[in-house]
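Text of protein-v3.txt (compact mmCIF, N, CA and C atoms) as supplied:
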```
# COMPACT_ATOMS: atom_id res chain seq x y z
N MET A 242 0.82 -1.20 0.00
CA MET A 242 0.00 0.00 0.00
C MET A 242 0.86 1.26 0.00
N GLY A 243 2.05 1.16 0.62
CA GLY A 243 2.94 2.31 0.67
C GLY A 243 3.39 2.75 -0.71
N ILE A 244 3.66 1.79 -1.59
CA ILE A 244 4.08 2.14 -2.96
C ILE A 244 2.95 2.84 -3.69
N LEU A 245 1.74 2.31 -3.58
CA LEU A 245 0.58 2.94 -4.21
C LEU A 245 0.39 4.37 -3.69
N ALA A 246 0.51 4.55 -2.39
CA ALA A 246 0.36 5.88 -1.79
C ALA A 246 1.41 6.83 -2.36
N ASN A 247 2.65 6.38 -2.44
CA ASN A 247 3.72 7.24 -2.97
C ASN A 247 3.48 7.58 -4.44
N VAL A 248 3.00 6.62 -5.21
CA VAL A 248 2.70 6.88 -6.62
C VAL A 248 1.59 7.92 -6.74
N LEU A 249 0.55 7.77 -5.94
CA LEU A 249 -0.57 8.72 -5.99
C LEU A 249 -0.12 10.12 -5.56
N VAL A 250 0.69 10.20 -4.52
CA VAL A 250 1.21 11.50 -4.09
C VAL A 250 2.04 12.13 -5.20
N GLY A 251 2.88 11.32 -5.85
CA GLY A 251 3.68 11.81 -6.97
C GLY A 251 2.82 12.30 -8.12
N LEU A 252 1.74 11.59 -8.41
CA LEU A 252 0.83 12.02 -9.48
C LEU A 252 0.13 13.33 -9.13
N ILE A 253 -0.25 13.49 -7.87
CA ILE A 253 -0.90 14.75 -7.46
C ILE A 253 0.11 15.89 -7.55
N ALA A 254 1.35 15.63 -7.16
CA ALA A 254 2.40 16.67 -7.30
C ALA A 254 2.57 17.04 -8.77
N ALA A 255 2.61 16.04 -9.64
CA ALA A 255 2.76 16.30 -11.08
C ALA A 255 1.57 17.08 -11.62
N LEU A 256 0.37 16.76 -11.16
CA LEU A 256 -0.82 17.50 -11.57
C LEU A 256 -0.68 18.98 -11.22
N HIS A 257 -0.16 19.25 -10.04
CA HIS A 257 -0.04 20.64 -9.61
C HIS A 257 1.10 21.36 -10.32
N VAL A 258 2.11 20.65 -10.73
CA VAL A 258 3.13 21.26 -11.59
C VAL A 258 2.51 21.60 -12.94
N TYR A 259 1.69 20.71 -13.48
CA TYR A 259 0.98 20.97 -14.73
C TYR A 259 0.10 22.21 -14.61
N ILE A 260 -0.64 22.31 -13.52
CA ILE A 260 -1.50 23.47 -13.30
C ILE A 260 -0.64 24.74 -13.21
N LEU A 261 0.48 24.66 -12.51
CA LEU A 261 1.40 25.80 -12.44
C LEU A 261 1.79 26.27 -13.83
N VAL A 262 2.20 25.34 -14.68
CA VAL A 262 2.63 25.69 -16.03
C VAL A 262 1.48 26.32 -16.82
N MET A 263 0.30 25.72 -16.73
CA MET A 263 -0.86 26.26 -17.45
C MET A 263 -1.20 27.67 -16.98
N GLU A 264 -1.16 27.89 -15.68
CA GLU A 264 -1.60 29.18 -15.15
C GLU A 264 -0.53 30.25 -15.21
N MET A 265 0.72 29.87 -15.08
CA MET A 265 1.78 30.88 -15.07
C MET A 265 2.37 31.16 -16.45
N PHE A 266 2.42 30.15 -17.31
CA PHE A 266 3.16 30.30 -18.56
C PHE A 266 2.32 30.14 -19.82
N LEU A 267 1.21 29.41 -19.75
CA LEU A 267 0.41 29.14 -20.95
C LEU A 267 -0.96 29.79 -20.92
N TRP A 268 -1.24 30.57 -19.91
CA TRP A 268 -2.56 31.16 -19.73
C TRP A 268 -3.02 31.96 -20.95
N GLN A 269 -2.13 32.74 -21.53
CA GLN A 269 -2.49 33.60 -22.67
C GLN A 269 -2.14 32.96 -24.01
N LYS A 270 -1.71 31.72 -23.99
CA LYS A 270 -1.39 31.00 -25.22
C LYS A 270 -2.51 30.01 -25.52
N GLY A 271 -2.46 29.42 -26.68
CA GLY A 271 -3.51 28.50 -27.12
C GLY A 271 -3.90 27.44 -26.11
N PRO A 272 -2.96 26.68 -25.56
CA PRO A 272 -3.36 25.62 -24.62
C PRO A 272 -4.09 26.14 -23.39
N GLY A 273 -3.63 27.25 -22.84
CA GLY A 273 -4.28 27.81 -21.65
C GLY A 273 -5.65 28.35 -21.95
N MET A 274 -5.78 29.06 -23.06
CA MET A 274 -7.09 29.63 -23.41
C MET A 274 -8.09 28.53 -23.77
N ARG A 275 -7.64 27.49 -24.48
CA ARG A 275 -8.55 26.37 -24.82
C ARG A 275 -8.97 25.63 -23.56
N PHE A 276 -8.03 25.41 -22.66
CA PHE A 276 -8.31 24.67 -21.44
C PHE A 276 -9.40 25.35 -20.62
N HIS A 277 -9.35 26.68 -20.56
CA HIS A 277 -10.31 27.43 -19.74
C HIS A 277 -11.45 28.02 -20.55
N GLY A 278 -11.37 27.94 -21.88
CA GLY A 278 -12.43 28.48 -22.72
C GLY A 278 -12.44 30.00 -22.76
N PHE A 279 -11.28 30.61 -22.59
CA PHE A 279 -11.17 32.07 -22.58
C PHE A 279 -10.79 32.58 -23.96
N ASP A 280 -11.25 33.79 -24.26
CA ASP A 280 -10.74 34.47 -25.45
C ASP A 280 -9.47 35.23 -25.04
N ALA A 281 -8.77 35.79 -26.02
CA ALA A 281 -7.49 36.45 -25.77
C ALA A 281 -7.62 37.62 -24.79
N GLU A 282 -8.69 38.37 -24.90
CA GLU A 282 -8.86 39.54 -24.02
C GLU A 282 -9.08 39.13 -22.57
N LEU A 283 -9.94 38.14 -22.35
CA LEU A 283 -10.17 37.68 -20.98
C LEU A 283 -8.89 37.06 -20.41
N ALA A 284 -8.18 36.30 -21.21
CA ALA A 284 -6.92 35.72 -20.75
C ALA A 284 -5.92 36.82 -20.37
N ARG A 285 -5.85 37.87 -21.18
CA ARG A 285 -4.92 38.98 -20.88
C ARG A 285 -5.31 39.65 -19.57
N ARG A 286 -6.59 39.92 -19.38
CA ARG A 286 -7.04 40.62 -18.17
C ARG A 286 -6.88 39.80 -16.90
N THR A 287 -6.99 38.49 -17.02
CA THR A 287 -6.92 37.63 -15.83
C THR A 287 -5.55 36.99 -15.62
N ALA A 288 -4.59 37.27 -16.50
CA ALA A 288 -3.27 36.64 -16.40
C ALA A 288 -2.58 36.86 -15.05
N PRO A 289 -2.61 38.06 -14.47
CA PRO A 289 -1.95 38.21 -13.16
C PRO A 289 -2.60 37.34 -12.08
N LEU A 290 -3.92 37.22 -12.11
CA LEU A 290 -4.60 36.35 -11.14
C LEU A 290 -4.21 34.90 -11.35
N ALA A 291 -4.17 34.48 -12.60
CA ALA A 291 -3.82 33.10 -12.92
C ALA A 291 -2.38 32.79 -12.49
N ALA A 292 -1.47 33.72 -12.71
CA ALA A 292 -0.08 33.50 -12.32
C ALA A 292 0.02 33.32 -10.80
N ASN A 293 -0.75 34.08 -10.06
CA ASN A 293 -0.76 33.95 -8.61
C ASN A 293 -1.29 32.57 -8.21
N GLN A 294 -2.38 32.14 -8.84
CA GLN A 294 -2.92 30.80 -8.58
C GLN A 294 -1.90 29.73 -8.92
N GLY A 295 -1.21 29.91 -10.04
CA GLY A 295 -0.21 28.94 -10.45
C GLY A 295 0.90 28.80 -9.44
N LEU A 296 1.32 29.93 -8.88
CA LEU A 296 2.37 29.90 -7.87
C LEU A 296 1.93 29.08 -6.66
N TYR A 297 0.70 29.27 -6.23
CA TYR A 297 0.19 28.48 -5.10
C TYR A 297 0.14 26.99 -5.43
N ASN A 298 -0.21 26.66 -6.66
CA ASN A 298 -0.19 25.25 -7.06
C ASN A 298 1.23 24.70 -7.03
N GLY A 299 2.19 25.53 -7.37
CA GLY A 299 3.59 25.13 -7.27
C GLY A 299 4.00 24.84 -5.84
N PHE A 300 3.49 25.64 -4.90
CA PHE A 300 3.79 25.39 -3.49
C PHE A 300 3.20 24.06 -3.04
N LEU A 301 1.99 23.75 -3.51
CA LEU A 301 1.39 22.45 -3.18
C LEU A 301 2.25 21.31 -3.71
N ALA A 302 2.70 21.44 -4.95
CA ALA A 302 3.55 20.40 -5.54
C ALA A 302 4.85 20.27 -4.76
N ALA A 303 5.47 21.39 -4.40
CA ALA A 303 6.72 21.35 -3.65
C ALA A 303 6.53 20.67 -2.29
N GLY A 304 5.42 20.98 -1.64
CA GLY A 304 5.15 20.34 -0.35
C GLY A 304 4.95 18.84 -0.47
N LEU A 305 4.30 18.41 -1.54
CA LEU A 305 4.10 16.97 -1.74
C LEU A 305 5.42 16.27 -2.05
N VAL A 306 6.25 16.90 -2.85
CA VAL A 306 7.57 16.32 -3.14
C VAL A 306 8.40 16.25 -1.86
N TRP A 307 8.33 17.30 -1.06
CA TRP A 307 9.01 17.29 0.24
C TRP A 307 8.50 16.11 1.08
N GLY A 308 7.18 15.91 1.09
CA GLY A 308 6.61 14.80 1.84
C GLY A 308 7.10 13.45 1.36
N LEU A 309 7.33 13.32 0.06
CA LEU A 309 7.87 12.06 -0.47
C LEU A 309 9.33 11.88 -0.11
N ALA A 310 10.08 12.98 -0.06
CA ALA A 310 11.53 12.89 0.16
C ALA A 310 11.91 12.81 1.64
N ALA A 311 11.12 13.40 2.50
CA ALA A 311 11.47 13.48 3.93
C ALA A 311 11.21 12.14 4.62
N ALA A 312 12.03 11.89 5.61
CA ALA A 312 11.84 10.68 6.43
C ALA A 312 10.62 10.87 7.33
N ASP A 313 10.02 9.76 7.72
CA ASP A 313 8.90 9.82 8.65
C ASP A 313 9.41 10.17 10.04
N PRO A 314 8.67 10.86 10.85
CA PRO A 314 7.26 11.19 10.66
C PRO A 314 7.04 12.47 9.83
N THR A 315 8.09 13.22 9.54
CA THR A 315 7.93 14.48 8.81
C THR A 315 7.30 14.25 7.43
N GLY A 316 7.78 13.25 6.69
CA GLY A 316 7.26 12.98 5.36
C GLY A 316 5.78 12.66 5.38
N PHE A 317 5.38 11.81 6.30
CA PHE A 317 3.97 11.45 6.43
C PHE A 317 3.14 12.69 6.76
N ARG A 318 3.59 13.46 7.71
CA ARG A 318 2.83 14.65 8.13
C ARG A 318 2.74 15.67 6.99
N ALA A 319 3.82 15.85 6.25
CA ALA A 319 3.79 16.79 5.12
C ALA A 319 2.82 16.32 4.05
N GLN A 320 2.82 15.02 3.78
CA GLN A 320 1.88 14.49 2.78
C GLN A 320 0.44 14.71 3.22
N VAL A 321 0.15 14.41 4.47
CA VAL A 321 -1.22 14.59 4.97
C VAL A 321 -1.62 16.07 4.91
N PHE A 322 -0.73 16.95 5.34
CA PHE A 322 -1.05 18.37 5.33
C PHE A 322 -1.28 18.88 3.91
N PHE A 323 -0.34 18.62 3.00
CA PHE A 323 -0.47 19.18 1.66
C PHE A 323 -1.59 18.52 0.86
N LEU A 324 -1.84 17.23 1.06
CA LEU A 324 -2.98 16.61 0.39
C LEU A 324 -4.29 17.17 0.94
N SER A 325 -4.35 17.45 2.23
CA SER A 325 -5.54 18.08 2.80
C SER A 325 -5.76 19.46 2.19
N CYS A 326 -4.67 20.19 1.98
CA CYS A 326 -4.77 21.51 1.31
C CYS A 326 -5.30 21.35 -0.11
N VAL A 327 -4.84 20.33 -0.82
CA VAL A 327 -5.31 20.07 -2.18
C VAL A 327 -6.81 19.81 -2.18
N VAL A 328 -7.27 18.98 -1.25
CA VAL A 328 -8.69 18.65 -1.17
C VAL A 328 -9.52 19.90 -0.85
N VAL A 329 -9.10 20.66 0.14
CA VAL A 329 -9.84 21.88 0.52
C VAL A 329 -9.86 22.86 -0.65
N ALA A 330 -8.72 23.07 -1.30
CA ALA A 330 -8.66 23.99 -2.45
C ALA A 330 -9.57 23.49 -3.57
N GLY A 331 -9.60 22.19 -3.80
CA GLY A 331 -10.45 21.62 -4.84
C GLY A 331 -11.93 21.79 -4.54
N VAL A 332 -12.31 21.56 -3.31
CA VAL A 332 -13.72 21.74 -2.93
C VAL A 332 -14.10 23.22 -3.04
N TYR A 333 -13.25 24.09 -2.55
CA TYR A 333 -13.53 25.52 -2.63
C TYR A 333 -13.63 25.97 -4.09
N GLY A 334 -12.70 25.51 -4.91
CA GLY A 334 -12.74 25.86 -6.33
C GLY A 334 -13.99 25.34 -7.02
N ALA A 335 -14.43 24.16 -6.63
CA ALA A 335 -15.65 23.60 -7.22
C ALA A 335 -16.87 24.41 -6.83
N VAL A 336 -16.90 24.90 -5.61
CA VAL A 336 -18.04 25.67 -5.13
C VAL A 336 -18.04 27.08 -5.72
N THR A 337 -16.86 27.67 -5.87
CA THR A 337 -16.80 29.09 -6.26
C THR A 337 -16.47 29.34 -7.72
N ALA A 338 -15.86 28.36 -8.40
CA ALA A 338 -15.39 28.64 -9.76
C ALA A 338 -15.98 27.68 -10.80
N ASN A 339 -15.72 26.39 -10.64
CA ASN A 339 -16.12 25.42 -11.66
C ASN A 339 -16.24 24.05 -11.01
N ARG A 340 -17.37 23.42 -11.18
CA ARG A 340 -17.61 22.12 -10.54
C ARG A 340 -16.65 21.03 -10.98
N ARG A 341 -16.09 21.16 -12.17
CA ARG A 341 -15.18 20.10 -12.64
C ARG A 341 -13.90 20.03 -11.79
N ILE A 342 -13.60 21.09 -11.03
CA ILE A 342 -12.44 21.08 -10.15
C ILE A 342 -12.59 20.01 -9.07
N LEU A 343 -13.83 19.71 -8.71
CA LEU A 343 -14.07 18.65 -7.72
C LEU A 343 -13.51 17.32 -8.21
N VAL A 344 -13.74 17.01 -9.47
CA VAL A 344 -13.28 15.74 -10.04
C VAL A 344 -11.80 15.82 -10.43
N ALA A 345 -11.36 16.97 -10.91
CA ALA A 345 -10.00 17.10 -11.41
C ALA A 345 -8.97 17.29 -10.30
N GLN A 346 -9.37 17.85 -9.17
CA GLN A 346 -8.40 18.16 -8.11
C GLN A 346 -8.78 17.53 -6.77
N ALA A 347 -9.99 17.79 -6.29
CA ALA A 347 -10.35 17.34 -4.94
C ALA A 347 -10.43 15.81 -4.84
N LEU A 348 -11.07 15.18 -5.80
CA LEU A 348 -11.20 13.72 -5.75
C LEU A 348 -9.85 13.00 -5.82
N PRO A 349 -8.98 13.33 -6.78
CA PRO A 349 -7.66 12.68 -6.78
C PRO A 349 -6.88 12.95 -5.49
N GLY A 350 -6.98 14.17 -4.98
CA GLY A 350 -6.30 14.49 -3.72
C GLY A 350 -6.84 13.66 -2.57
N ALA A 351 -8.15 13.49 -2.53
CA ALA A 351 -8.77 12.69 -1.47
C ALA A 351 -8.37 11.22 -1.57
N LEU A 352 -8.30 10.70 -2.79
CA LEU A 352 -7.88 9.31 -2.98
C LEU A 352 -6.43 9.12 -2.53
N ALA A 353 -5.57 10.07 -2.89
CA ALA A 353 -4.17 9.99 -2.46
C ALA A 353 -4.07 10.10 -0.94
N LEU A 354 -4.85 11.00 -0.35
CA LEU A 354 -4.84 11.14 1.11
C LEU A 354 -5.31 9.85 1.78
N ALA A 355 -6.35 9.25 1.27
CA ALA A 355 -6.83 7.98 1.83
C ALA A 355 -5.75 6.90 1.72
N ALA A 356 -5.05 6.86 0.60
CA ALA A 356 -3.98 5.86 0.43
C ALA A 356 -2.84 6.10 1.42
N VAL A 357 -2.47 7.35 1.61
CA VAL A 357 -1.40 7.69 2.57
C VAL A 357 -1.81 7.27 3.98
N LEU A 358 -3.04 7.59 4.34
CA LEU A 358 -3.50 7.22 5.69
C LEU A 358 -3.61 5.71 5.85
N ALA A 359 -4.07 5.01 4.82
CA ALA A 359 -4.20 3.55 4.89
C ALA A 359 -2.83 2.87 4.94
N ALA A 360 -1.83 3.49 4.33
CA ALA A 360 -0.49 2.89 4.32
C ALA A 360 0.23 3.06 5.64
N ARG A 361 -0.26 3.92 6.47
CA ARG A 361 0.39 4.22 7.75
C ARG A 361 0.29 3.06 8.66
```

Rewrite the coordinates I just gave you, this time as structure tokens.
Amino acid sequence: MGILANVLVGLIAALHVYILVMEMFLWQKGPGMRFHGFDAELARRTAPLAANQGLYNGFLAAGLVWGLAAADPTGFRAQVFFLSCVVVAGVYGAVTANRRILVAQALPGALALAAVLAAR
């Protein structure tokens, strides 16, 4: 179960690196605008907000990588904390921005969190 938990944590970290790239670097380019359904003007106006969101996603990814690299109990605690942050951010995003965030972010985070707790 520990290997599965580590793989899931790694996938969630990779997801948040992907989100960082989309929000910080591709927001005003074709992939970012298609992903969010924005036209060029809306993407331009919201780019500073998106870059800020992307930075926070990078912090989530960094915390998860730290959790994978650190020895227990620190690694376990970091994974639980940052996965909990992922779940809360996903639920909040689903309620306030777009319901698909629940499936794209909160659900995978919750599954990884459950695996980490079960592996303990």

Exercise. What separation in Å, quoted to one decimal, exists between CA of Cys326 in chain A and CA of Leu301 in chain A?
Worked result: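 Going from CA of Cys326 in chain A over to CA of Leu301 in chain A covers 7.7 Å.
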
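Taking CA of Ala335 in chain A and CA of Leu348 in chain A as the two end points, the separation is 10.9 Å.
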
Problem set entry | DSSP-assigned alpha helix (DSSP H) among chain A, expressed as number ranges by chain | A: 243-265, 271-277, 281-310, 315-337, 341-342, 348-360

Exercise. What residues have an atom no more than 12 Å from (2.5, 29.6, -6.3) in the file's own frame, counting only C-alpha atoms, and can you write them as a list in words?
Worked result: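 Final list of nearby residues, as requested, is His257, Val258, Ile260, Leu261, Val262, Glu264, Met265, Pro289, Leu290, Ala291, Ala292, Asn293, Gln294, Gly295, Leu296, Tyr297, Asn298, Gly299, Phe300, Leu301, Ala302, Ala303 and Gly304 of chain A.
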
Centre and size of axis-aligned box enclosing range 275-279 of chain A plus 8 Å each side, as JSON:
```
{"center_x": -10.0, "center_y": 28.6, "center_z": -22.3, "size_x": 20.8, "size_y": 23.9, "size_z": 21.1}
```

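CA of Ala360 in chain A lies 4.8 Å from atom C of Met242 in chain A.
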
Problem set entry | Given only C-alpha atoms as the counted atoms, nearest of A:Val321, A:Leu267, A:Leu249, A:Leu256 to Arg361 in chain A |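 Closest residue, counting only C-alpha atoms: A:Val321.
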
Problem set entry | Selection near Ala246 in chain A, 12 Å with only C-alpha atoms, sequence-local residues under 6 positions removed, as number ranges by chain | A: 252-253, 305, 308-309, 317, 320-321, 324, 349-361

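Using only C-alpha atoms, the smallest distance between any of A:Val250, A:Tyr333, A:Val327, A:Gly316 and Gln346 in chain A comes from A:Val327.
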
Problem set entry | Residues within 6 Å of Leu343 in chain A, all atoms listed in the file, excluding chain neighbours under 6 positions, as a ChimeraX atom specification | /A:331-332,334-335

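Candidate residues A:Val248, A:Phe266, A:Gly271, A:Val306 were compared for distance to Ala288 in chain A, and the nearest is A:Phe266, using only C-alpha atoms.
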